[in-house]
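Down below is the structure, laid out as structure tokens.
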Amino acid sequence: MSDTDGKKTLGLRGGSRPGNVKQSFSHGRTKNVVVETKRKRVVVPKPGAGKSGSPMSTPAGDPSRRPAGITDAEMERRLKALQAAKAREAEEAAAREAEERARAEERERRRAEAEAKEREEREREEALKAKAAEEERQRQQAEEAAKRAAAAPAATPDAASAPRTASKPATPGPRKTDRERDQRNTRGKGRDDDGRRSGKLTLNQALRGGEGGRQRSMAAMKRKQERARQKAMGGSVEREKVVRDVQLPEAIVVSELANRMAERVGEVVKSLMNMGMMVTQNQTIDADTAELIIEEFGHKVVRVSDADVEDVITQIDDAETDLKPRPPVITVMGHVDHGKTSLLDAIRNAKVVSGEAGGITQHIGAYQVKAEDGQLLTFLDTPGHAAFTSMRSRGAQVTDIVVLVVAADDAVMPQTIEAINHAKAAEVPMIVAINKIDRPDANPDKVRTDLLQHEVIVEKMSGEVQDVEVSAINGTGLDQLLEAISLQAEILELKANPNRAAQGAVIEAQLDVGRGPVATVLVQNGTLRQGDIFVVGEQWGKVRAMENDKGKRVKEAGPSVPVEVLGLNGTPEAGDVLNVVDTEAQAREIADYRANLAKEKRAAAGAATTLEQLMANAKADENVSELPILVKADVQGSAEAIVQAMEKIGNEEVRVRVLHSGVGAITETDVGLAEASNAPIMGFNVRANASARNTANQKGVEIRYYSVIYDLVDDVKAAASGLLSAEIREKFIGYAEIKEVFKVTGVGKVAGCLVTEGVARRSAGVRLLRDNVVIHEGTLKTLKRFKDEVSEVQSGQECGMAFENYDDIRPADVIEIFEREEVTRSLD
């Protein structure tokens, strides 16, 4: 039995490891990676080194140097195993050297193949270039030959065939199909070599670069191929620079600047960074910096102002041939309760007064009426209350004729005078309608006489102003009034161009719960159509729908036609001008510019004060009490009128401050503002939504609802009157004369007095008079009659008085006794 039976020989496992690893990525892409493996270093002993140094080299037959317990057979077996291991290590080293040589040869072979491919590609490109040059030369020769043939039509057929013979290429190049196939094969083979689109870019690959570096995009490769093709065709590689006129506003976003120059955003950002500005494409730069960038890129700068955005709204001078007759716009004006709306109601045969709270008009109504002769008349009914002065003013600005309604039993009143002044300021012709002639105490002649004081001379008084006596209840004189209006309209020869972009004025605006912002617009020029994009004041929109004065949907509205317009992005101000523009971008740009301008004006108005003025205002307001309120109304005109009425309430001690006024329902935001300011909310024809009501109940915010402006003004005036300090009045109730002065222990000096007039009371105030000069004012410490403390002493009786904290009393001094009372004040 051998010593090695059943035992494996000692040795190291492993052979040659592969040097290439194939990586698989998403989308089915692969990549070959050369892997460098590190092996454990094996120290091979030099020949003869084990003769003396190693303990294992001890002769087998020397028992003195052999380890204890080791037999000769075991020692021999160990020596054989050691020799076999050394032999295997030598073989593995030789194999590794052979593998390294093979790997180096493979790398050299691949490098040679790549160089051969590049060389073939260059030769192919040169061949293509030579072929293109040859084709260009042949084309030029053919053109010259054609010119010569045209010059000499009698040429022989042999001469004519010479250019065709010469046009054949001397060295035929590869066909197009073969060339494309070669390119496809080359592209497929070289995909592993160039690594294009071979995998996702990781951070390590980007930092390491080289084989795992960032690859070119498809767009970059296409641009490179396009440049190579143009270069091969003999054309210019670089495109010719296009110099553009770049419009430059006061401030511009970097991406917008690059867009206007038709340059890459990255290039513009790089130029800005070279200038020391670390910006992104979404940041805004000033005009001077943008001008430097534009000049650096070789473009021309065209400076524009922010106000140039409104240049798209141009005032067109219409030709005389384009103008067509239009209905007149008649505004009904006059004092409150003189019958303006009732008169218009009689003309329209509709009940409008019944729809107004309290029987008074609180909005500007716009209606169209057809007269008996078929002519359309547009009426504007303006409120007559003093709070609506600004609304009447806007009515006079958009009207052609003013109908001044004066009650025959009331004559000229303050709002009548205001209406006359508005009409004169607008240079609008006036027709006087003397209403309520059916009343028993009606006196039309008194009305005509009173109008003379205001330079309104009617025809009956040998003037030029037409006057008509009417009765809205009986319908008397309505036909004569319409005739007078038609006559005045014929004299004015009102015309407009319906075939142009619409322009109009906002008569009234409101925030409807179901329909959103709604504006009553009177079209003054052009035709407003459904779908038109418009800008009105600080708002813009697109005409989503239009309704006429009867509530019917219409598709278009011509000159002098009032319509309700839906589709605004916000509630405009009453009196704003509506202009139709081409695009939404223009409308939005103009609205933003106007909003910023209005914001700057408000900020400038608040900041345009010196420090001395601020100090003076603060000192003046020190003793002024303010009543803060919030106002929400159904339409813009009513809110504006209420704010103006609130500004008139107050005096040098108290005033009303409107924290916020708006259009629409009362919301939680309004409640929060009211709570922070401890202010009530005044709702005019609006209500609070459910969440706002709950919040108001929780936070104790008072919400009051009104439908008549009189009631709102009266309540606010009463509330402001409560802030007034009560007036203190003195009431003299008696006089007493000091007869003798006594000294009482524990009390001090006590005056023995005789009440000469009125009554002396313990609770009253007293003054000490000496020679009719007040030397002390205070209160009584004690009031006694005999030895008893009493509350009052009647006239003619004697009593004892002692003053609080005052002892300088003498006989013959007079004590004046008075009481103070508070009188509640109110605002007039």
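Residues in the structure tokens are named by chain (A, B, ... in the order shown) and by number from 1 within that chain; ligands are numbered from 1 in the order shown.
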**Q.** Residue neighbourhood segment 518-530 of chain A, 8 Å, only C-alpha atoms, exclusion window fewer than 3 positions, as JSON, numbers by chain
**A.** {"A": [366, 496, 497, 498, 499, 500, 501, 502, 503, 504, 505, 506, 507, 508, 509, 510, 511, 512, 515, 543, 544, 545, 546, 555, 556, 557, 558, 559, 560, 561, 562, 563, 564, 565, 566, 567, 568, 571, 572, 578, 580]}
Q: Please identify all polymer residues within 8 Å of segment 787-798 of chain A, counting only C-alpha atoms, omitting same-chain residues fewer than 5 positions from it, and present them as an MDAnalysis selection string.
A: chainID A and resid 734 752:763 782
Q. Mind checking DSSP for segment 241-471 of chain A and telling me the helix (DSSP H, G or I) residues as a PyMOL selection string?
A. chain A and resi 254-261+265-274+287-296+306-312+320-322+340-348+353-355+357-359+386-397+414-425+444-452+459-461
**Q.** Residues within 8 Å of segment 739-741 of chain A, only C-alpha atoms, excluding chain neighbours under 2 positions, as number ranges by chain
**A.** A: 737, 743, 749-754, 809-812
Q. Contacts of Ile728 of chain A at 8 Å or less, counting only C-alpha atoms, minus same-chain residues fewer than 2 places along, as a list of chain:residue names?
A. A:Ala726, A:Glu730, A:Arg820, A:Glu821, A:Glu822, A:Val823
**Q.** Selection near Glu469 of chain A, 10 Å with only C-alpha atoms, sequence-local residues under 2 positions removed, as an NGL selection string
**A.** :A and (405-408 or 432-438 or 444 or 467 or 471 or 476-478 or 480-481)
Neighbouring residues of Ile294 of chain A were defined as those with any atom within 10 Å, considering only C-alpha atoms; residues of the same chain fewer than 6 positions away were excluded. Please report them as a compact mmCIF listing (two decimals) with all heavy atoms, in the first residue's frame.
```
# COMPACT_ATOMS: atom_id res chain seq x y z
N ARG A 244 -29.54 90.24 -36.62
CA ARG A 244 -30.94 90.53 -36.33
C ARG A 244 -31.07 91.82 -35.53
O ARG A 244 -30.17 92.20 -34.79
CB ARG A 244 -31.57 89.38 -35.52
CG ARG A 244 -31.76 88.12 -36.33
CD ARG A 244 -32.35 87.00 -35.47
NE ARG A 244 -32.77 85.87 -36.28
CZ ARG A 244 -31.95 84.93 -36.70
NH1 ARG A 244 -30.66 84.99 -36.37
NH2 ARG A 244 -32.39 83.94 -37.45
N ASP A 245 -32.23 92.46 -35.71
CA ASP A 245 -32.58 93.63 -34.90
C ASP A 245 -33.34 93.12 -33.67
O ASP A 245 -34.47 92.63 -33.77
CB ASP A 245 -33.46 94.62 -35.68
CG ASP A 245 -32.69 95.27 -36.83
OD1 ASP A 245 -31.46 95.34 -36.72
OD2 ASP A 245 -33.32 95.68 -37.81
N VAL A 246 -32.72 93.21 -32.51
CA VAL A 246 -33.27 92.66 -31.27
C VAL A 246 -33.94 93.79 -30.50
O VAL A 246 -33.28 94.78 -30.12
CB VAL A 246 -32.17 92.00 -30.42
CG1 VAL A 246 -32.77 91.42 -29.15
CG2 VAL A 246 -31.46 90.93 -31.21
N LEU A 248 -35.22 95.43 -27.33
CA LEU A 248 -34.74 95.29 -25.95
C LEU A 248 -35.55 96.19 -25.03
O LEU A 248 -35.46 97.41 -25.11
CB LEU A 248 -33.25 95.67 -25.88
CG LEU A 248 -32.59 95.52 -24.51
CD1 LEU A 248 -32.66 94.09 -24.04
CD2 LEU A 248 -31.15 95.98 -24.58
N LEU A 257 -34.11 86.65 -24.17
CA LEU A 257 -33.06 87.32 -24.93
C LEU A 257 -32.44 86.38 -25.94
O LEU A 257 -32.22 86.75 -27.11
CB LEU A 257 -32.01 87.86 -23.96
CG LEU A 257 -30.79 88.53 -24.58
CD1 LEU A 257 -31.20 89.76 -25.38
CD2 LEU A 257 -29.76 88.91 -23.52
N ALA A 258 -32.14 85.15 -25.52
CA ALA A 258 -31.58 84.17 -26.46
C ALA A 258 -32.56 83.86 -27.58
O ALA A 258 -32.17 83.69 -28.74
CB ALA A 258 -31.21 82.90 -25.70
N ARG A 260 -34.85 85.90 -28.83
CA ARG A 260 -34.91 87.02 -29.77
C ARG A 260 -33.66 87.11 -30.64
O ARG A 260 -33.72 87.60 -31.76
CB ARG A 260 -35.11 88.32 -28.99
CG ARG A 260 -36.46 88.41 -28.28
CD ARG A 260 -36.71 89.76 -27.67
NE ARG A 260 -37.98 89.80 -26.96
CZ ARG A 260 -38.53 90.90 -26.44
NH1 ARG A 260 -37.90 92.06 -26.55
NH2 ARG A 260 -39.68 90.85 -25.82
N MET A 261 -32.52 86.66 -30.13
CA MET A 261 -31.29 86.66 -30.93
C MET A 261 -31.17 85.40 -31.79
O MET A 261 -30.26 85.31 -32.61
CB MET A 261 -30.07 86.76 -30.02
CG MET A 261 -29.92 88.07 -29.30
SD MET A 261 -28.30 88.25 -28.53
CE MET A 261 -28.30 86.86 -27.41
N VAL A 268 -25.58 82.07 -24.34
CA VAL A 268 -25.85 83.37 -23.69
C VAL A 268 -25.48 83.31 -22.21
O VAL A 268 -24.86 84.24 -21.67
CB VAL A 268 -27.34 83.75 -23.87
CG1 VAL A 268 -27.65 85.06 -23.16
CG2 VAL A 268 -27.68 83.86 -25.35
N ASP A 288 -28.93 97.36 -19.98
CA ASP A 288 -27.53 97.64 -20.31
C ASP A 288 -26.73 96.35 -20.46
O ASP A 288 -25.93 96.20 -21.40
CB ASP A 288 -26.91 98.53 -19.23
CG ASP A 288 -27.57 99.89 -19.17
OD1 ASP A 288 -28.12 100.31 -20.21
OD2 ASP A 288 -27.56 100.52 -18.10
N LYS A 300 -27.96 93.77 -33.66
CA LYS A 300 -28.23 95.20 -33.46
C LYS A 300 -29.29 95.36 -32.37
O LYS A 300 -30.24 94.59 -32.30
CB LYS A 300 -28.72 95.84 -34.76
CG LYS A 300 -27.67 95.86 -35.87
CD LYS A 300 -28.23 96.50 -37.13
CE LYS A 300 -27.18 96.50 -38.25
NZ LYS A 300 -27.73 97.09 -39.49
N VAL A 301 -29.11 96.40 -31.57
CA VAL A 301 -30.01 96.65 -30.44
C VAL A 301 -31.06 97.67 -30.85
O VAL A 301 -30.74 98.72 -31.42
CB VAL A 301 -29.22 97.15 -29.21
CG1 VAL A 301 -30.16 97.41 -28.05
CG2 VAL A 301 -28.16 96.15 -28.82
```
Q | Minimum-distance residue to Gln698 of chain A, chosen among A:Glu118, A:Gly672, A:Arg111, A:Lys222 (using only C-alpha atoms) | A |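 Closest residue, counting only C-alpha atoms: A:Gly672.
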Q.
Among segment 780-814 of chain A, which residues does DSSP mark as strand (DSSP E) when it is run on the backbone? Keep the chain and numbering as in the structure and answer as a list in words.
A.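 Taking segment 780-814 of chain A and keeping strand (DSSP E) only, one gets Leu780, Lys781, Thr782, Leu783, Lys784, Arg785, Asp788, Glu789, Glu792, Val793, Gln794, Glu798, Cys799, Gly800, Met801, Ala802, Phe803 and Val814 of chain A.
Among the candidate residues A:Ala114, A:Val304, A:Ala676, A:Val398, the one lying nearest to Val701 of chain A is A:Ala676, with distances computed using only C-alpha atoms.
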**Q.** Residues within 9 Å of Asn32 of chain A, only C-alpha atoms, excluding chain neighbours under 4 positions, as JSON, numbers by chain
**A.** {"A": [20, 21, 22, 23, 24, 192]}
Q | Two-atom distance - atom CA of Ala146 of chain A, atom CA of Glu134 of chain A (Å) | A |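 Computing it gives 18.0 Å between the two atoms.
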Q: Find the residue from A:Arg439, A:Arg687, A:Arg448, A:His422 that sits nearest to Ile703 of chain A; use only C-alpha atoms when measuring.
A: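 That would be A:Arg687, the residue with the smallest distance to Ile703 of chain A.
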Q.
Quick check, in Å to one decimal: how far apart do atom CA of Ile491 of chain A and atom CA of Gln415 of chain A lie?
A. 28.0 Å
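The gap separating atom CA of Leu272 of chain A from atom CA of Val254 of chain A is 9.4 Å, in Å to one decimal.
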